[in-house]
>>> print(open('final.txt').read())   # compact mmCIF, C-alpha atoms and all ligand atoms
# COMPACT_ATOMS: atom_id res chain seq x y z
CA MET P 1 -22.83 -20.24 16.63
CA ALA P 2 -21.47 -17.76 14.20
CA GLU P 3 -17.83 -17.07 13.61
CA ILE P 4 -17.04 -13.41 14.33
CA VAL P 5 -14.26 -11.69 12.40
CA GLU P 6 -13.27 -8.32 13.78
CA ARG P 7 -11.16 -6.85 11.00
CA SER P 8 -11.42 -5.82 7.39
CA LEU P 9 -10.51 -8.25 4.64
CA ARG P 10 -8.29 -6.69 2.01
CA SER P 11 -7.70 -7.55 -1.63
CA GLY P 12 -6.32 -11.06 -2.00
CA GLN P 13 -7.51 -12.24 1.40
CA ARG P 14 -9.86 -15.20 1.37
CA GLU P 15 -11.57 -16.65 4.41
CA GLU P 16 -13.52 -19.88 4.51
CA PHE P 17 -15.95 -20.94 7.26
CA ASP P 18 -18.11 -23.95 7.90
CA GLY P 19 -21.05 -22.15 9.49
CA ASP P 20 -22.31 -18.57 9.71
CA VAL P 21 -19.93 -15.60 9.67
CA VAL P 22 -20.21 -12.06 10.97
CA LEU P 23 -17.58 -9.72 9.58
CA ILE P 24 -17.21 -6.57 11.65
CA GLY P 25 -15.24 -4.59 9.10
CA GLN P 26 -15.11 -4.04 5.37
CA LEU P 27 -14.94 -6.69 2.71
CA ASN P 28 -12.74 -4.88 0.19
CA ASP P 29 -12.65 -5.30 -3.56
CA GLY P 30 -10.71 -8.45 -4.38
CA ALA P 31 -11.38 -10.12 -1.01
CA GLU P 32 -13.56 -13.19 -0.61
CA VAL P 33 -15.65 -14.83 2.11
CA LEU P 34 -16.91 -18.39 1.66
CA ALA P 35 -19.36 -19.78 4.18
CA GLY P 36 -21.35 -22.92 4.75
CA GLY P 37 -24.10 -20.76 6.24
CA SER P 38 -25.07 -17.10 6.27
CA VAL P 39 -22.76 -14.11 5.97
CA THR P 40 -23.24 -10.75 7.66
CA VAL P 41 -20.94 -7.90 6.70
CA LEU P 42 -21.22 -5.04 9.17
CA GLY P 43 -19.29 -2.77 6.87
CA ARG P 44 -19.07 -2.34 3.15
CA LEU P 45 -19.47 -5.41 1.03
CA LYS P 46 -17.32 -4.70 -2.01
CA GLY P 47 -15.64 -8.06 -2.49
CA CYS P 48 -17.15 -11.47 -3.09
CA VAL P 49 -19.43 -13.41 -0.75
CA HIS P 50 -20.44 -16.99 -1.26
CA ALA P 51 -22.99 -18.03 1.38
CA GLY P 52 -24.98 -21.22 1.90
CA ARG P 53 -22.43 -23.56 0.41
CA ASP P 54 -23.50 -26.43 2.67
CA ASN P 55 -27.27 -26.09 2.89
CA GLY P 56 -28.60 -25.80 -0.62
CA GLY P 57 -28.92 -22.04 -0.46
CA LYS P 58 -31.03 -21.70 2.70
CA SER P 59 -28.82 -18.84 3.88
CA TYR P 60 -28.84 -15.10 3.74
CA ILE P 61 -26.28 -12.37 3.08
CA ILE P 62 -26.53 -9.14 5.03
CA ALA P 63 -24.50 -6.08 4.09
CA ALA P 64 -24.48 -2.76 5.93
CA SER P 65 -23.60 -1.26 2.56
CA PHE P 66 -24.00 -3.32 -0.58
CA GLU P 67 -21.28 -2.41 -3.10
CA SER P 68 -20.48 -5.71 -4.71
CA GLN P 69 -20.30 -6.79 -8.34
CA GLN P 70 -21.42 -10.30 -7.49
CA VAL P 71 -22.74 -12.46 -4.66
CA ARG P 72 -23.41 -16.18 -4.47
CA ILE P 73 -25.85 -18.19 -2.40
CA GLY P 74 -25.72 -21.96 -2.73
CA ASP P 75 -25.09 -22.68 -6.38
CA ARG P 76 -26.69 -19.44 -7.60
CA LEU P 77 -24.74 -16.42 -8.78
CA CYS P 78 -26.06 -12.87 -8.89
CA THR P 79 -24.03 -10.36 -10.88
CA LEU P 80 -24.82 -6.68 -10.71
CA ASN P 81 -28.00 -6.14 -12.71
CA SER P 82 -30.72 -3.55 -13.12
CA ALA P 83 -32.58 -4.91 -10.09
CA SER P 84 -29.67 -5.25 -7.66
CA VAL P 85 -28.13 -1.92 -8.65
CA GLU P 86 -31.13 -0.29 -6.94
CA TRP P 87 -29.63 -1.50 -3.69
CA TRP P 88 -26.18 -0.03 -4.28
CA LYS P 89 -24.72 1.40 -1.06
CA LYS P 90 -27.86 0.48 0.87
CA SER P 91 -28.27 -1.88 3.82
CA VAL P 92 -29.65 -5.10 2.43
CA ILE P 93 -30.56 -8.66 3.26
CA ILE P 94 -30.24 -10.99 0.29
CA THR P 95 -31.95 -14.38 0.17
CA LEU P 96 -32.98 -16.96 -2.39
CA GLU P 97 -36.73 -17.29 -2.93
CA GLU P 98 -37.64 -20.08 -5.29
CA ASN P 99 -34.09 -20.00 -6.60
CA GLU P 100 -34.24 -16.27 -7.44
CA PHE P 101 -32.31 -13.58 -5.61
CA LEU P 102 -34.41 -11.35 -3.39
CA PHE P 103 -33.04 -8.06 -2.08
CA ARG P 104 -34.78 -6.38 0.85
CA GLU P 105 -33.93 -3.45 3.04
CA TRP P 106 -32.13 -4.52 6.19
CA LYS P 107 -32.78 -2.60 9.38
CA LEU P 108 -31.78 -3.16 12.97
CA ASP P 109 -35.01 -2.79 14.91
CA MET M 110 21.14 4.01 19.02
CA SER M 111 18.57 1.62 17.68
CA ALA M 112 17.25 2.43 14.28
CA ARG M 113 13.66 2.46 13.17
CA VAL M 114 13.56 0.15 10.17
CA ILE M 115 11.04 1.30 7.56
CA VAL M 116 10.24 -0.56 4.36
CA ILE M 117 8.94 1.38 1.35
CA THR M 118 6.58 -0.81 -0.66
CA SER M 119 3.87 -0.85 -3.29
CA GLY M 120 1.87 -3.53 -5.01
CA LYS M 121 2.21 -2.06 -8.47
CA GLY M 122 5.62 -1.24 -9.97
CA GLY M 123 6.80 2.17 -11.07
CA VAL M 124 4.70 4.17 -8.61
CA GLY M 125 7.66 5.84 -6.88
CA LYS M 126 9.22 3.56 -4.26
CA THR M 127 12.81 4.30 -5.24
CA THR M 128 12.10 8.01 -5.62
CA SER M 129 10.47 8.04 -2.19
CA THR M 130 13.28 6.06 -0.55
CA ALA M 131 15.90 8.47 -1.87
CA ASN M 132 14.01 11.64 -1.00
CA ILE M 133 12.87 10.56 2.44
CA SER M 134 16.37 9.33 3.29
CA VAL M 135 17.93 12.64 2.24
CA ALA M 136 15.25 14.63 4.08
CA LEU M 137 15.76 12.67 7.32
CA ALA M 138 19.55 13.04 7.02
CA LYS M 139 19.16 16.78 6.54
CA ARG M 140 17.24 16.82 9.80
CA GLY M 141 20.34 15.49 11.52
CA LYS M 142 19.41 11.81 11.62
CA LYS M 143 21.84 9.05 10.73
CA VAL M 144 20.21 7.29 7.82
CA VAL M 145 21.07 4.30 5.67
CA ALA M 146 19.08 3.68 2.50
CA VAL M 147 19.11 0.00 1.58
CA ASP M 148 18.41 -1.09 -1.99
CA GLY M 149 16.13 -4.10 -1.63
CA ASP M 150 15.68 -4.49 -5.36
CA ILE M 151 18.39 -7.07 -6.06
CA GLY M 152 19.17 -7.49 -9.74
CA LEU M 153 17.30 -4.33 -10.73
CA ARG M 154 19.10 -1.93 -8.48
CA ASN M 155 18.60 1.74 -9.21
CA LEU M 156 18.49 3.47 -5.87
CA ASP M 157 22.24 4.10 -6.28
CA MET M 158 21.59 5.97 -9.53
CA VAL M 159 18.73 8.04 -8.18
CA MET M 160 20.99 8.98 -5.25
CA GLY M 161 23.90 9.69 -7.58
CA LEU M 162 26.19 7.14 -5.91
CA GLU M 163 26.49 4.39 -8.48
CA ASN M 164 30.12 5.13 -9.29
CA ARG M 165 31.21 4.64 -5.72
CA ILE M 166 29.91 1.13 -5.15
CA VAL M 167 32.53 -1.49 -4.35
CA TYR M 168 30.71 -4.12 -2.30
CA ASN M 169 27.03 -4.79 -1.73
CA TYR M 170 25.05 -6.39 1.07
CA ILE M 171 25.11 -9.83 -0.51
CA ASP M 172 28.87 -9.56 0.02
CA VAL M 173 28.17 -8.71 3.66
CA ILE M 174 25.77 -11.63 4.04
CA GLU M 175 28.22 -14.00 2.36
CA ASN M 176 31.12 -12.64 4.45
CA ASN M 177 33.07 -11.35 1.44
CA CYS M 178 33.46 -8.05 3.26
CA LYS M 179 32.59 -6.27 6.49
CA LEU M 180 29.50 -4.10 6.74
CA PRO M 181 31.36 -0.73 6.82
CA GLN M 182 33.16 -1.65 3.59
CA ALA M 183 29.86 -2.04 1.79
CA LEU M 184 28.36 1.22 3.02
CA VAL M 185 28.68 4.10 0.54
CA GLN M 186 28.88 7.43 2.35
CA ASP M 187 27.10 10.33 0.72
CA LYS M 188 29.64 13.17 0.82
CA ARG M 189 26.92 15.79 0.49
CA LEU M 190 25.59 14.77 3.90
CA LYS M 191 28.71 13.24 5.34
CA GLY M 192 28.20 11.23 8.47
CA TYR M 193 24.43 11.32 8.10
CA LEU M 194 23.56 9.54 4.88
CA SER M 195 24.77 6.19 3.53
CA LEU M 196 23.65 3.77 0.88
CA LEU M 197 23.82 0.03 1.22
CA PRO M 198 23.74 -1.17 -2.38
CA ALA M 199 22.18 -4.30 -3.85
CA ALA M 200 23.98 -6.74 -6.11
CA GLN M 201 23.27 -6.10 -9.77
CA THR M 202 24.38 -9.52 -10.92
CA ARG M 203 22.38 -11.64 -8.52
CA THR M 204 18.72 -12.56 -8.28
CA LYS M 205 16.23 -12.08 -5.49
CA ASP M 206 16.82 -15.68 -4.36
CA ALA M 207 20.33 -14.74 -3.26
CA VAL M 208 19.03 -13.83 0.20
CA THR M 209 16.53 -15.28 2.63
CA PRO M 210 14.17 -13.37 4.93
CA GLU M 211 16.25 -14.56 7.90
CA GLN M 212 19.41 -13.07 6.37
CA MET M 213 17.62 -9.76 5.78
CA ILE M 214 16.49 -9.68 9.42
CA GLU M 215 20.06 -10.36 10.50
CA LEU M 216 21.35 -7.60 8.20
CA CYS M 217 18.85 -5.10 9.59
CA ASP M 218 19.84 -6.05 13.12
CA LYS M 219 23.47 -5.34 12.21
CA LEU M 220 22.47 -1.88 10.95
CA ARG M 221 20.20 -0.97 13.89
CA PRO M 222 22.89 0.06 16.40
CA GLU M 223 24.69 2.22 13.82
CA PHE M 224 21.80 4.37 12.56
CA ASP M 225 18.63 6.26 13.50
CA PHE M 226 16.80 5.10 10.39
CA VAL M 227 17.13 2.17 8.02
CA ILE M 228 15.03 2.88 4.92
CA LEU M 229 14.48 -0.18 2.72
CA ASP M 230 13.60 0.24 -0.95
CA CYS M 231 11.49 -2.75 -1.90
CA PRO M 232 10.87 -4.43 -5.25
CA ALA M 233 7.29 -4.30 -6.57
CA GLY M 234 4.86 -7.13 -6.15
CA ILE M 235 4.00 -9.71 -3.56
CA GLU M 236 6.68 -12.29 -4.26
CA GLY M 237 9.93 -13.26 -2.58
CA GLY M 238 11.67 -9.93 -3.17
CA PHE M 239 8.97 -8.10 -1.27
CA ARG M 240 8.95 -10.65 1.54
CA ASN M 241 12.73 -10.44 1.93
CA ALA M 242 12.83 -6.67 1.99
CA ALA M 243 9.89 -6.44 4.38
CA ALA M 244 11.13 -9.16 6.73
CA GLY M 245 13.54 -6.99 8.67
CA ALA M 246 11.31 -3.92 8.90
CA ASP M 247 9.26 -2.66 11.84
CA GLU M 248 7.20 -0.10 9.94
CA ALA M 249 5.99 0.31 6.38
CA LEU M 250 5.23 3.12 4.00
CA VAL M 251 3.02 2.03 1.13
CA ILE M 252 3.16 4.05 -2.08
CA THR M 253 0.29 4.30 -4.51
CA THR M 254 -0.68 6.54 -7.35
CA PRO M 255 -4.31 7.70 -7.46
CA GLU M 256 -5.35 5.04 -9.96
CA ILE M 257 -7.68 2.12 -9.31
CA PRO M 258 -5.22 -0.69 -10.23
CA ALA M 259 -2.45 0.80 -8.09
CA VAL M 260 -4.84 1.32 -5.18
CA ARG M 261 -6.15 -2.23 -5.44
CA ASP M 262 -2.58 -3.57 -5.37
CA ALA M 263 -1.79 -1.30 -2.42
CA ASP M 264 -4.74 -2.84 -0.57
CA ARG M 265 -3.25 -6.26 -1.22
CA ILE M 266 0.16 -5.23 0.09
CA ILE M 267 -1.35 -3.54 3.15
CA GLY M 268 -3.17 -6.79 3.96
CA MET M 269 0.10 -8.71 3.74
CA LEU M 270 2.01 -6.15 5.80
CA GLU M 271 -0.73 -6.29 8.45
CA SER M 272 -0.50 -10.04 8.67
CA MET M 273 3.30 -9.74 8.95
CA GLY M 274 2.72 -7.52 11.98
CA LYS M 275 4.26 -4.30 10.59
CA SER M 276 3.13 -1.20 12.45
CA PRO M 277 2.49 1.56 11.72
CA ILE M 278 1.60 1.08 8.06
CA ARG M 279 1.13 4.47 6.43
CA LEU M 280 0.26 5.59 2.93
CA ILE M 281 1.91 7.98 0.47
CA ILE M 282 -0.14 9.05 -2.54
CA ASN M 283 2.32 9.91 -5.31
CA ARG M 284 2.00 11.65 -8.70
CA PHE M 285 -1.09 13.50 -7.56
CA ARG M 286 -2.57 15.93 -10.10
CA PRO M 287 -5.09 18.35 -8.60
CA ILE M 288 -6.41 19.47 -11.98
CA MET M 289 -7.26 15.94 -13.01
CA VAL M 290 -9.04 15.42 -9.70
CA GLN M 291 -10.99 18.60 -10.23
CA ASN M 292 -12.10 17.30 -13.62
CA ASN M 293 -13.08 13.95 -12.08
CA ASP M 294 -10.39 12.20 -14.09
CA MET M 295 -8.40 11.05 -11.09
CA LEU M 296 -9.19 9.63 -7.66
CA SER M 297 -9.08 12.26 -4.93
CA GLN M 298 -7.21 11.84 -1.67
CA ASP M 299 -10.53 11.03 0.04
CA ASP M 300 -11.42 8.42 -2.59
CA VAL M 301 -8.11 6.62 -2.02
CA LEU M 302 -8.43 6.73 1.76
CA ASP M 303 -12.03 5.61 1.53
CA ILE M 304 -10.90 2.46 -0.27
CA LEU M 305 -7.82 1.72 1.82
CA SER M 306 -8.80 2.96 5.30
CA VAL M 307 -5.20 3.47 6.35
CA ASP M 308 -3.30 6.44 7.78
CA LEU M 309 -2.03 8.92 5.21
CA ILE M 310 1.47 10.30 5.77
CA GLY M 311 1.68 12.50 2.70
CA VAL M 312 0.60 13.39 -0.81
CA VAL M 313 3.34 14.02 -3.39
CA PRO M 314 2.31 15.95 -6.49
CA GLU M 315 3.33 15.09 -10.03
CA ASP M 316 6.48 17.12 -10.55
CA ASP M 317 8.82 17.21 -13.59
CA GLY M 318 11.60 17.97 -11.15
CA VAL M 319 11.46 14.34 -10.00
CA ILE M 320 12.47 13.08 -13.43
CA ARG M 321 15.23 15.68 -13.79
CA ALA M 322 16.44 14.79 -10.31
CA SER M 323 16.64 11.05 -10.99
CA ASN M 324 18.65 11.73 -14.11
CA SER M 325 21.09 14.03 -12.32
CA GLY M 326 21.39 11.84 -9.22
CA GLU M 327 20.40 14.60 -6.86
CA PRO M 328 17.17 13.85 -4.94
CA LEU M 329 14.83 16.84 -4.74
CA THR M 330 14.97 17.05 -0.98
CA PHE M 331 18.55 18.39 -1.24
CA GLU M 332 16.95 21.60 -2.51
CA GLN M 333 13.36 21.22 -1.36
CA SER M 334 12.30 24.17 -3.49
CA THR M 335 9.98 22.15 -5.69
CA PRO M 336 6.47 20.93 -4.77
CA ALA M 337 7.49 17.26 -4.58
CA GLY M 338 10.61 18.14 -2.57
CA GLU M 339 8.48 20.03 -0.08
CA ALA M 340 6.03 17.15 0.16
CA TYR M 341 8.86 14.71 0.92
CA ALA M 342 10.36 17.06 3.53
CA ASN M 343 6.93 17.13 5.20
CA ILE M 344 6.72 13.35 5.12
CA ALA M 345 10.13 13.15 6.82
CA ALA M 346 8.91 15.57 9.48
CA ARG M 347 5.83 13.43 10.08
CA ILE M 348 8.03 10.33 10.38
CA LEU M 349 9.83 12.26 13.12
CA GLY M 350 6.48 12.69 14.85
CA GLU M 351 5.94 16.34 13.96
CA ASN M 352 2.45 17.57 13.34
CA VAL M 353 2.76 19.14 9.89
CA PRO M 354 -0.55 20.04 8.26
CA MET M 355 -1.31 18.22 4.99
CA LEU M 356 -0.97 20.30 1.85
CA GLN M 357 -4.52 20.46 0.58
CA PHE M 358 -4.61 20.09 -3.18
CA ASP M 359 -8.26 19.28 -3.70
CA ALA M 360 -10.42 21.85 -1.99
CA ASN M 361 -13.16 20.80 -4.37
CA SER M 362 -15.08 18.02 -2.66
CA GLN M 363 -16.56 16.65 -5.88
CA SER M 364 -14.75 13.36 -6.16
CA PHE M 365 -13.89 11.11 -9.05
CA LEU M 366 -15.91 8.23 -7.66
CA SER M 367 -19.15 10.11 -7.36
CA GLY M 368 -18.67 11.39 -10.89
CA PHE M 369 -17.97 7.86 -12.05
CA LYS M 370 -21.12 6.58 -10.43
CA LYS M 371 -23.23 9.31 -11.93
CA MET M 372 -21.83 8.42 -15.32
CA PHE M 373 -23.01 4.82 -15.00
CA GLY M 374 -26.22 5.67 -13.23
CA PHE M 375 -25.50 4.21 -9.83
N1 LIG P 401 5.97 12.69 -8.10
C1 LIG P 401 6.49 12.36 -9.30
N2 LIG P 401 6.40 13.22 -10.34
C2 LIG P 401 6.91 12.88 -11.55
N3 LIG P 401 7.53 11.72 -11.82
C3 LIG P 401 7.64 10.81 -10.84
C4 LIG P 401 7.13 11.08 -9.53
N4 LIG P 401 7.40 9.99 -8.76
C5 LIG P 401 8.04 9.09 -9.55
N5 LIG P 401 8.20 9.59 -10.80
C6 LIG P 401 8.84 8.89 -11.92
O1 LIG P 401 8.23 7.63 -12.09
C7 LIG P 401 9.18 6.64 -12.48
C8 LIG P 401 9.13 5.47 -11.52
O2 LIG P 401 9.55 5.89 -10.24
P1 LIG P 401 10.37 4.93 -9.27
O3 LIG P 401 10.66 5.68 -8.03
O4 LIG P 401 11.54 4.32 -9.98
O5 LIG P 401 9.27 3.80 -9.00
P2 LIG P 401 9.44 2.35 -8.36
O6 LIG P 401 10.69 2.32 -7.54
O7 LIG P 401 8.19 2.20 -7.51
O8 LIG P 401 9.45 1.38 -9.48
C9 LIG P 401 10.52 7.33 -12.49
O9 LIG P 401 10.83 7.67 -13.81
C10 LIG P 401 10.31 8.57 -11.65
O10 LIG P 401 11.15 9.63 -12.04
MG MG P 402 12.33 0.89 -7.69
>>> encode(input="final.txt", output="structure tokens")
Amino acid sequence: MAEIVERSLRSGQREEFDGDVVLIGQLNDGAEVLAGGSVTVLGRLKGCVHAGRDNGGKSYIIAASFESQQVRIGDRLCTLNSASVEWWKKSVIITLEENEFLFREWKLD
Amino acid sequence: MSARVIVITSGKGGVGKTTSTANISVALAKRGKKVVAVDGDIGLRNLDMVMGLENRIVYNYIDVIENNCKLPQALVQDKRLKGYLSLLPAAQTRTKDAVTPEQMIELCDKLRPEFDFVILDCPAGIEGGFRNAAAGADEALVITTPEIPAVRDADRIIGMLESMGKSPIRLIINRFRPIMVQNNDMLSQDDVLDILSVDLIGVVPEDDGVIRASNSGEPLTFEQSTPAGEAYANIAARILGENVPMLQFDANSQSFLSGFKKMFGF
């Protein structure tokens, strides 16, 4: 069961969840989502997401538009780098594969 | 009569809250509405100066709250718009802790039956002063300049106003400079709205007249012949529910953000 949040999170707003979260809205710059499980942002992901806090990183992050300076899964941190910048403003699913961040195109089909 | 109580806020300081409070209050009064402008910036009051009424202050609303005087004694009538425009001054010698949110709500409720509009000038930031000034308001106008730090702070304030249940919350972009936008040196109107996703009620251009006006104590909307004065008159009309088209400053769709991204290669 995922928690569903139907609003945008603005700068300074921080939401914490035990399980999975689906945010139907934007995650603005300066806002933060912390989740035990996976995080899906059906809007722009500009703020900070920390997914998989409770399961050793076996979680994913989905963003309808990836525009974030940093994301975290488990205890791993990914700051914007030459690889992730390729995915800027694209729909992505982000996972950890052998402790490395993997970005793939995310499509609803 | 039951007034609409509107708080004028911003996250960042110095972006034009007091200027906006004075000009919108004058513009609404000129439209025949009974308006009281309330200085919510206790200890740093300057709305009285910008409105040119500082010499006429006897009591302030802390005196009203503490029962040192009656409400009408504290109201300063603006003789230029007699019967339509008043100022309710703040105490200069007190701090923001002198009032509680409950007392501000009570004060606003005292003003409601006497006026069409209560316009609250708010201190900057997200601390107690903001919470007090916002407590009694129904609606909010958030001021930002087209700069990233100001916009980010506006986002923060909008989030707080939303969780306080204020509605509508509408945005004023102040100190707008079309030439800088054209040169990709300033966020465009679309860039700001893209970040904040909030309703825009007006764009006020950078205008030297504003600075002259605050020094002379005569808000621009008394004359309305300058660009900023016209923008504020339009904002007042939109507050009254009129459908006034936005002045379009940036016909050029090339925005600052896209230029910025090109510069850094993403
Ligand atoms: N549109 C404008 N054009 C030029 N100067 C402006 C404009 N708006 C505000 N200012 C100036 O900016 C300064 C800060 O404005 P003020 O209204 O006192 O901000 P705040 O109340 O948010 O601190 C003042 O000196 C004011 O004259
Ligand atoms: Mg001020």
>>> closest_atom_pairs(input="final.txt", of="chain M", to="ligand LIG 401 (chain P)", cutoff="9 Å", atoms="only C-alpha atoms and all ligand atoms", output="tab-separated table")
residue	atom	partner	partner_atom	distance
M:Ile117	CA	P:LIG401	O7	8.9
M:Thr118	CA	P:LIG401	O7	7.7
M:Ser119	CA	P:LIG401	O7	6.8
M:Gly120	CA	P:LIG401	O7	8.9
M:Lys121	CA	P:LIG401	O7	7.4
M:Gly122	CA	P:LIG401	O8	4.7
M:Gly123	CA	P:LIG401	O8	3.2
M:Val124	CA	P:LIG401	O7	4.2
M:Gly125	CA	P:LIG401	O3	3.2
M:Lys126	CA	P:LIG401	O7	3.7
M:Thr127	CA	P:LIG401	O6	3.7
M:Thr128	CA	P:LIG401	O3	3.6
M:Ser129	CA	P:LIG401	O3	6.3
M:Thr130	CA	P:LIG401	O3	7.9
M:Ala131	CA	P:LIG401	O3	8.6
M:Asp150	CA	P:LIG401	O6	8.7
M:Asn155	CA	P:LIG401	O4	7.6
M:Leu156	CA	P:LIG401	O6	8.1
M:Val159	CA	P:LIG401	O4	8.3
M:Asp230	CA	P:LIG401	O6	7.5
M:Cys231	CA	P:LIG401	O6	7.6
M:Pro232	CA	P:LIG401	O6	7.1
M:Ala233	CA	P:LIG401	O7	6.6
M:Ile252	CA	P:LIG401	O7	7.6
M:Thr253	CA	P:LIG401	O7	8.7
M:Thr254	CA	P:LIG401	N4	8.9
M:Asn283	CA	P:LIG401	N1	5.4
M:Arg284	CA	P:LIG401	N1	4.1
M:Phe285	CA	P:LIG401	N1	7.1
M:Val313	CA	P:LIG401	N1	5.6
M:Pro314	CA	P:LIG401	N1	5.2
M:Glu315	CA	P:LIG401	N2	3.6
M:Asp316	CA	P:LIG401	N2	3.9
M:Asp317	CA	P:LIG401	C2	5.2
M:Gly318	CA	P:LIG401	C2	6.9
M:Val319	CA	P:LIG401	C2	5.0
M:Ile320	CA	P:LIG401	O10	3.9
M:Arg321	CA	P:LIG401	O10	7.5
M:Ala322	CA	P:LIG401	O10	7.6
M:Ser323	CA	P:LIG401	O10	5.8
M:Asn324	CA	P:LIG401	O10	8.1
M:Pro336	CA	P:LIG401	N1	8.9
M:Ala337	CA	P:LIG401	N1	6.0
>>> residues_around(input="final.txt", residues="region 205-207 of chain M", least_positions_apart="4", cutoff="8 Å", atoms="only C-alpha atoms", output="list in words")
Asp150, Ile151, Gly152, Ile171, Gly237 and Gly238 of chain M
>>> interface_residues(input="final.txt", of="chain P", to="chain M", cutoff="6 Å", atoms="only C-alpha atoms", output="list in words")
Arg10, Ser11 and Gly12 of chain P
>>> atom_distance(input="final.txt", atom1="CA of Phe101 (chain P)", atom2="CA of Asp54 (chain P)")
17.6 Å
>>> closest_residue(input="final.txt", among="M:Pro255, M:Ile348, M:Gly274, M:Pro328", to="Asp300 (chain M)", atoms="all atoms listed in the file")
M:Pro255
>>> closest_residue(input="final.txt", among="M:Gly161, M:Pro222, M:Gly234, M:Pro354", to="ligand MG 402 (chain P)", atoms="all atoms listed in the file")
M:Gly234
>>> atom_distance(input="final.txt", atom1="CA of Asn132 (chain M)", atom2="CA of Pro198 (chain M)")
16.1 Å
>>> residues_around(input="final.txt", residues="Phe224 (chain M)", least_positions_apart="2", cutoff="7 Å", atoms="all atoms listed in the file", output="list in words")
Met110, Ser111, Ala112, Lys143, Val144, Val145, Leu220, Arg221, Pro222, Phe226 and Val227 of chain M
>>> build_atoms(input="final.txt", residues="region 181-185 of chain M", atoms="all heavy atoms", output="mmCIF file, keeping the file's coordinate frame")
data_model
loop_
_atom_site.group_PDB
_atom_site.id
_atom_site.type_symbol
_atom_site.label_atom_id
_atom_site.label_comp_id
_atom_site.auth_asym_id
_atom_site.auth_seq_id
_atom_site.Cartn_x
_atom_site.Cartn_y
_atom_site.Cartn_z
ATOM 1 N N PRO M 181 30.937 -2.098 7.153
ATOM 2 C CA PRO M 181 31.360 -0.730 6.820
ATOM 3 C C PRO M 181 31.973 -0.608 5.428
ATOM 4 O O PRO M 181 31.872 0.447 4.792
ATOM 5 C CB PRO M 181 32.409 -0.405 7.891
ATOM 6 C CG PRO M 181 32.148 -1.367 9.000
ATOM 7 C CD PRO M 181 31.592 -2.609 8.374
ATOM 8 N N GLN M 182 32.561 -1.689 4.933
ATOM 9 C CA GLN M 182 33.160 -1.650 3.590
ATOM 10 C C GLN M 182 32.083 -1.537 2.506
ATOM 11 O O GLN M 182 32.344 -1.012 1.433
ATOM 12 C CB GLN M 182 33.975 -2.919 3.334
ATOM 13 C CG GLN M 182 35.229 -3.042 4.168
ATOM 14 C CD GLN M 182 35.894 -4.391 3.914
ATOM 15 O OE1 GLN M 182 35.438 -5.419 4.409
ATOM 16 N NE2 GLN M 182 36.956 -4.380 3.126
ATOM 17 N N ALA M 183 30.915 -2.054 2.799
ATOM 18 C CA ALA M 183 29.860 -2.040 1.790
ATOM 19 C C ALA M 183 29.064 -0.738 1.806
ATOM 20 O O ALA M 183 28.414 -0.389 0.834
ATOM 21 C CB ALA M 183 28.923 -3.231 1.999
ATOM 22 N N LEU M 184 29.127 -0.015 2.918
ATOM 23 C CA LEU M 184 28.360 1.220 3.020
ATOM 24 C C LEU M 184 28.987 2.328 2.181
ATOM 25 O O LEU M 184 30.177 2.583 2.277
ATOM 26 C CB LEU M 184 28.298 1.683 4.478
ATOM 27 C CG LEU M 184 27.416 0.843 5.417
ATOM 28 C CD1 LEU M 184 27.668 1.246 6.868
ATOM 29 C CD2 LEU M 184 25.947 0.983 5.053
ATOM 30 N N VAL M 185 28.193 2.971 1.335
ATOM 31 C CA VAL M 185 28.680 4.100 0.540
ATOM 32 C C VAL M 185 28.235 5.380 1.224
ATOM 33 O O VAL M 185 27.039 5.631 1.370
ATOM 34 C CB VAL M 185 28.099 4.056 -0.892
ATOM 35 C CG1 VAL M 185 28.630 5.228 -1.710
ATOM 36 C CG2 VAL M 185 28.416 2.729 -1.555
#
